[in-house]
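So this block is entry.cif, mmCIF, N, CA and C atoms:
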```cif
data_my_file
#
loop_
_atom_site.label_atom_id
_atom_site.label_comp_id
_atom_site.auth_asym_id
_atom_site.auth_seq_id
_atom_site.Cartn_x
_atom_site.Cartn_y
_atom_site.Cartn_z
N MET W 1 -29.59 -7.38 -7.44
CA MET W 1 -28.43 -6.63 -6.97
C MET W 1 -27.17 -7.41 -7.31
N PRO W 2 -26.15 -6.76 -7.89
CA PRO W 2 -24.92 -7.46 -8.25
C PRO W 2 -24.17 -7.96 -7.02
N ARG W 3 -23.51 -9.08 -7.20
CA ARG W 3 -22.75 -9.68 -6.12
C ARG W 3 -21.44 -8.90 -5.93
N ARG W 4 -21.11 -8.56 -4.70
CA ARG W 4 -19.87 -7.84 -4.40
C ARG W 4 -18.71 -8.81 -4.30
N THR W 5 -17.56 -8.38 -4.79
CA THR W 5 -16.39 -9.24 -4.67
C THR W 5 -15.63 -8.88 -3.40
N ALA W 6 -14.92 -9.84 -2.89
CA ALA W 6 -14.18 -9.62 -1.65
C ALA W 6 -12.94 -8.77 -1.89
N TYR W 7 -12.44 -8.75 -3.13
CA TYR W 7 -11.19 -8.06 -3.42
C TYR W 7 -11.41 -6.88 -4.35
N TRP W 8 -12.39 -6.05 -4.04
CA TRP W 8 -12.74 -4.91 -4.90
C TRP W 8 -11.61 -3.89 -5.00
N ILE W 9 -10.82 -3.77 -3.95
CA ILE W 9 -9.78 -2.74 -3.90
C ILE W 9 -8.68 -3.02 -4.93
N GLN W 10 -8.49 -4.28 -5.30
CA GLN W 10 -7.48 -4.63 -6.29
C GLN W 10 -7.81 -4.03 -7.66
N HIS W 11 -9.08 -3.79 -7.93
CA HIS W 11 -9.51 -3.25 -9.21
C HIS W 11 -9.65 -1.73 -9.17
N ALA W 12 -9.38 -1.11 -8.05
CA ALA W 12 -9.54 0.35 -7.92
C ALA W 12 -8.42 1.10 -8.63
N VAL W 13 -7.24 0.54 -8.66
CA VAL W 13 -6.10 1.19 -9.30
C VAL W 13 -5.99 0.68 -10.73
N LYS W 14 -6.29 1.55 -11.69
CA LYS W 14 -6.28 1.14 -13.10
C LYS W 14 -4.87 1.14 -13.69
N ARG W 15 -4.04 2.11 -13.30
CA ARG W 15 -2.69 2.23 -13.86
C ARG W 15 -1.68 2.34 -12.71
N PRO W 16 -1.21 1.22 -12.21
CA PRO W 16 -0.25 1.26 -11.10
C PRO W 16 1.01 2.04 -11.48
N GLY W 17 1.45 2.93 -10.60
CA GLY W 17 2.66 3.71 -10.83
C GLY W 17 2.45 5.00 -11.58
N ALA W 18 1.22 5.27 -12.04
CA ALA W 18 0.97 6.48 -12.83
C ALA W 18 1.17 7.75 -12.00
N LEU W 19 0.71 7.72 -10.76
CA LEU W 19 0.86 8.90 -9.90
C LEU W 19 2.34 9.18 -9.61
N SER W 20 3.10 8.13 -9.34
CA SER W 20 4.54 8.30 -9.09
C SER W 20 5.23 8.91 -10.30
N ARG W 21 4.92 8.40 -11.49
CA ARG W 21 5.53 8.92 -12.70
C ARG W 21 5.13 10.37 -12.93
N GLN W 22 3.86 10.70 -12.65
CA GLN W 22 3.38 12.06 -12.85
C GLN W 22 4.09 13.04 -11.90
N LEU W 23 4.43 12.58 -10.71
CA LEU W 23 5.09 13.44 -9.72
C LEU W 23 6.61 13.38 -9.81
N GLY W 24 7.15 12.47 -10.61
CA GLY W 24 8.59 12.35 -10.75
C GLY W 24 9.25 11.67 -9.57
N ILE W 25 8.51 10.79 -8.90
CA ILE W 25 9.03 10.06 -7.75
C ILE W 25 9.20 8.60 -8.17
N PRO W 26 10.34 7.97 -7.88
CA PRO W 26 10.50 6.56 -8.24
C PRO W 26 9.39 5.69 -7.65
N ILE W 27 8.96 4.70 -8.41
CA ILE W 27 7.84 3.85 -7.98
C ILE W 27 8.13 3.12 -6.68
N LYS W 28 9.39 2.76 -6.46
CA LYS W 28 9.74 2.01 -5.24
C LYS W 28 9.65 2.86 -3.98
N ASP W 29 9.72 4.21 -4.12
CA ASP W 29 9.63 5.11 -2.97
C ASP W 29 8.17 5.43 -2.64
N ASN W 30 7.92 5.70 -1.38
CA ASN W 30 6.58 6.13 -0.97
C ASN W 30 6.38 7.60 -1.30
N ILE W 31 5.16 7.95 -1.68
CA ILE W 31 4.83 9.35 -1.95
C ILE W 31 4.49 10.00 -0.62
N PRO W 32 5.11 11.12 -0.28
CA PRO W 32 4.85 11.77 1.02
C PRO W 32 3.39 12.19 1.17
N LYS W 33 2.85 11.97 2.35
CA LYS W 33 1.46 12.30 2.63
C LYS W 33 1.21 13.81 2.53
N THR W 34 2.19 14.61 2.92
CA THR W 34 2.02 16.07 2.85
C THR W 34 1.83 16.53 1.42
N LEU W 35 2.54 15.91 0.48
CA LEU W 35 2.39 16.27 -0.93
C LEU W 35 1.00 15.89 -1.43
N LEU W 36 0.53 14.69 -1.07
CA LEU W 36 -0.80 14.25 -1.49
C LEU W 36 -1.89 15.16 -0.93
N GLU W 37 -1.74 15.55 0.33
CA GLU W 37 -2.73 16.44 0.96
C GLU W 37 -2.75 17.80 0.28
N LYS W 38 -1.57 18.31 -0.07
CA LYS W 38 -1.50 19.61 -0.73
C LYS W 38 -2.16 19.56 -2.11
N ILE W 39 -1.93 18.47 -2.84
CA ILE W 39 -2.56 18.31 -4.16
C ILE W 39 -4.08 18.22 -4.01
N ALA W 40 -4.54 17.47 -3.01
CA ALA W 40 -5.98 17.28 -2.81
C ALA W 40 -6.68 18.60 -2.45
N LYS W 41 -5.99 19.49 -1.73
CA LYS W 41 -6.59 20.77 -1.32
C LYS W 41 -6.60 21.81 -2.44
N THR W 42 -5.63 21.74 -3.34
CA THR W 42 -5.44 22.76 -4.37
C THR W 42 -6.50 22.63 -5.47
N PRO W 43 -7.07 23.76 -5.93
CA PRO W 43 -8.03 23.69 -7.04
C PRO W 43 -7.35 23.30 -8.35
N VAL W 44 -8.13 22.67 -9.23
CA VAL W 44 -7.63 22.23 -10.53
C VAL W 44 -7.18 23.44 -11.34
N GLY W 45 -6.03 23.32 -12.00
CA GLY W 45 -5.51 24.38 -12.84
C GLY W 45 -4.41 25.20 -12.19
N LYS W 46 -4.29 25.13 -10.88
CA LYS W 46 -3.25 25.87 -10.15
C LYS W 46 -1.94 25.08 -10.16
N THR W 47 -0.85 25.78 -9.97
CA THR W 47 0.46 25.15 -9.86
C THR W 47 0.92 25.26 -8.41
N ILE W 48 1.41 24.13 -7.88
CA ILE W 48 1.86 24.12 -6.49
C ILE W 48 3.37 23.89 -6.45
N ARG W 49 3.96 24.27 -5.32
CA ARG W 49 5.36 23.96 -5.07
C ARG W 49 5.40 22.76 -4.14
N ASN W 50 6.25 21.81 -4.48
CA ASN W 50 6.37 20.58 -3.71
C ASN W 50 6.94 20.87 -2.33
N PRO W 51 6.21 20.54 -1.24
CA PRO W 51 6.71 20.81 0.11
C PRO W 51 7.78 19.83 0.58
N THR W 52 8.05 18.79 -0.21
CA THR W 52 9.03 17.78 0.18
C THR W 52 10.25 17.83 -0.74
N LYS W 53 11.23 17.00 -0.46
CA LYS W 53 12.45 16.96 -1.26
C LYS W 53 12.36 15.97 -2.42
N LYS W 54 11.30 15.16 -2.47
CA LYS W 54 11.16 14.12 -3.50
C LYS W 54 10.41 14.64 -4.72
N GLY W 55 10.85 14.22 -5.90
CA GLY W 55 10.10 14.49 -7.12
C GLY W 55 10.26 15.89 -7.67
N LYS W 56 9.32 16.25 -8.55
CA LYS W 56 9.36 17.55 -9.22
C LYS W 56 9.14 18.68 -8.22
N ARG W 57 9.73 19.83 -8.49
CA ARG W 57 9.60 20.98 -7.59
C ARG W 57 8.26 21.68 -7.76
N ARG W 58 7.83 21.87 -9.01
CA ARG W 58 6.55 22.55 -9.28
C ARG W 58 5.65 21.57 -10.00
N ILE W 59 4.39 21.50 -9.57
CA ILE W 59 3.45 20.54 -10.12
C ILE W 59 2.16 21.25 -10.48
N LYS W 60 1.69 21.07 -11.71
CA LYS W 60 0.41 21.63 -12.11
C LYS W 60 -0.67 20.61 -11.76
N VAL W 61 -1.70 21.05 -11.04
CA VAL W 61 -2.76 20.16 -10.58
C VAL W 61 -3.80 20.02 -11.69
N THR W 62 -3.96 18.80 -12.18
CA THR W 62 -4.98 18.49 -13.17
C THR W 62 -6.08 17.67 -12.50
N ARG W 63 -7.19 17.48 -13.20
CA ARG W 63 -8.27 16.68 -12.62
C ARG W 63 -7.81 15.27 -12.32
N LYS W 64 -7.10 14.69 -13.29
CA LYS W 64 -6.64 13.30 -13.12
C LYS W 64 -5.63 13.19 -11.98
N LEU W 65 -4.71 14.15 -11.87
CA LEU W 65 -3.73 14.15 -10.78
C LEU W 65 -4.45 14.24 -9.44
N LYS W 66 -5.44 15.11 -9.36
CA LYS W 66 -6.17 15.29 -8.12
C LYS W 66 -6.92 14.01 -7.73
N LYS W 67 -7.55 13.35 -8.71
CA LYS W 67 -8.26 12.09 -8.44
C LYS W 67 -7.29 11.02 -7.94
N ARG W 68 -6.13 10.95 -8.59
CA ARG W 68 -5.13 9.95 -8.18
C ARG W 68 -4.61 10.22 -6.78
N ALA W 69 -4.41 11.49 -6.45
CA ALA W 69 -3.91 11.85 -5.12
C ALA W 69 -4.94 11.52 -4.05
N VAL W 70 -6.21 11.81 -4.32
CA VAL W 70 -7.27 11.52 -3.35
C VAL W 70 -7.39 10.02 -3.14
N LEU W 71 -7.31 9.24 -4.23
CA LEU W 71 -7.35 7.78 -4.10
C LEU W 71 -6.16 7.27 -3.29
N ALA W 72 -4.97 7.82 -3.56
CA ALA W 72 -3.78 7.41 -2.82
C ALA W 72 -3.92 7.71 -1.33
N LEU W 73 -4.47 8.88 -1.00
CA LEU W 73 -4.71 9.21 0.42
C LEU W 73 -5.68 8.23 1.05
N THR W 74 -6.74 7.91 0.34
CA THR W 74 -7.73 6.95 0.85
C THR W 74 -7.10 5.60 1.11
N LEU W 75 -6.29 5.12 0.16
CA LEU W 75 -5.65 3.83 0.32
C LEU W 75 -4.63 3.85 1.46
N LYS W 76 -3.94 4.98 1.64
CA LYS W 76 -3.00 5.09 2.77
C LYS W 76 -3.75 5.01 4.10
N ARG W 77 -4.90 5.68 4.16
CA ARG W 77 -5.70 5.64 5.40
C ARG W 77 -6.20 4.23 5.68
N LEU W 78 -6.64 3.53 4.63
CA LEU W 78 -7.09 2.15 4.80
C LEU W 78 -5.96 1.27 5.33
N ALA W 79 -4.77 1.46 4.78
CA ALA W 79 -3.62 0.66 5.21
C ALA W 79 -3.27 0.96 6.67
N GLU W 80 -3.37 2.24 7.07
CA GLU W 80 -3.07 2.61 8.46
C GLU W 80 -4.09 1.98 9.41
N LYS W 81 -5.36 2.00 9.02
CA LYS W 81 -6.39 1.39 9.86
C LYS W 81 -6.15 -0.09 10.02
N LYS W 82 -5.77 -0.73 8.91
CA LYS W 82 -5.53 -2.18 8.94
C LYS W 82 -4.35 -2.52 9.83
N ARG W 83 -3.30 -1.68 9.80
CA ARG W 83 -2.11 -1.92 10.63
C ARG W 83 -2.42 -1.77 12.11
N ARG W 84 -3.33 -0.86 12.45
CA ARG W 84 -3.65 -0.61 13.86
C ARG W 84 -4.36 -1.78 14.52
N ARG W 85 -5.08 -2.54 13.72
CA ARG W 85 -5.85 -3.67 14.31
C ARG W 85 -5.01 -4.73 14.88
#
```

For the structure just supplied, provide its representation as structure tokens.
Amino acid sequence: MPRRTAYWIQHAVKRPGALSRQLGIPIKDNIPKTLLEKIAKTPVGKTIRNPTKKGKRRIKVTRKLKKRAVLALTLKRLAEKKRRR
């Protein structure tokens, strides 16, 4: 069985800032959770309207965008859990 590394999460993000660029949100700003949740719920191929004031107004949901949004939500949840401790 392969040995697990303690810092596996550092290797989870292959292209830092790609999701921000895809959504038209500056990298230094946080991506709103409502936008990520809406992208995660929407089926691939549909176009959504951005529920927030940040970034592009209309966004076409692709497979890669959806994967990035789900990963971002997961990482946000992990960060929230860590802060609560």

### Message
Suppose a student applies the PyMOL selection byres ((chain W and resi 67-75) around 7) to this structure; what residues should they get, written as number ranges by chain?
### Response
W: 19, 36-37, 39-40, 62-66, 76-80

### Message
Counting only C-alpha atoms, which residue out of W:Ala6, W:Ile25, W:Leu35, W:Ala12 sits closest to Lys54 of chain W?
### Response
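Among the listed residues, the smallest separation from Lys54 of chain W belongs to W:Ile25.
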
### Summary
Computed gap from atom N of Val44 of chain W to atom N of Ile27 of chain W is 24.8 Å

### Task
Please measure the separation of atom N of Ile48 of chain W and atom N of Pro26 of chain W, giving the value in Å to one decimal.
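Calculated distance between atom N of Ile48 of chain W and atom N of Pro26 of chain W is 18.5 Å.
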
### Query
Which one of W:Val13, W:Gly24, W:Ala18, W:Ile59 sits closest to Thr42 of chain W if you count only C-alpha atoms?
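Of W:Val13, W:Gly24, W:Ala18, W:Ile59, the one nearest Thr42 of chain W, counting only C-alpha atoms, is W:Ile59.
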
### Query
Which value, in Å to one decimal, gives the distance between atom N of Lys38 of chain W and atom C of Arg15 of chain W?
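Value for the atom N of Lys38 of chain W-atom C of Arg15 of chain W distance: 20.4 Å.
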
### Task
Using DSSP on the backbone coordinates, identify the residues of chain W assigned to alpha helix (DSSP H); present them as a VMD selection string.
chain W and resid 18 to 23 33 to 41 63 to 84

Kindly compute an axis-aligned box around the listed atoms of segment 50-63 of chain W, allowing 4 Å on each side, and express its centre and edge lengths in Å to one decimal as JSON.
```
{"center_x": 2.1, "center_y": 18.3, "center_z": -6.3, "size_x": 28.7, "size_y": 16.4, "size_z": 21.8}
```

### Task
Apply DSSP to the structure's backbone, then extract all residues of chain W labelled strand (DSSP E or B) and return them as a PyMOL selection string.
chain W and resi 47-49+58-60

### Task
Select, from W:His11, W:Lys41, W:Arg85, W:Arg21, the residue with the minimum atom-to-atom distance to Lys56 of chain W, counting only C-alpha atoms.
W:Arg21

### Task
Quick one: everything within 6 Å of Lys60 of chain W, counting all atoms listed in the file, minus sequence neighbours fewer than 4 positions away in the same chain. Send it as a ChimeraX atom specification.
/W:45-48
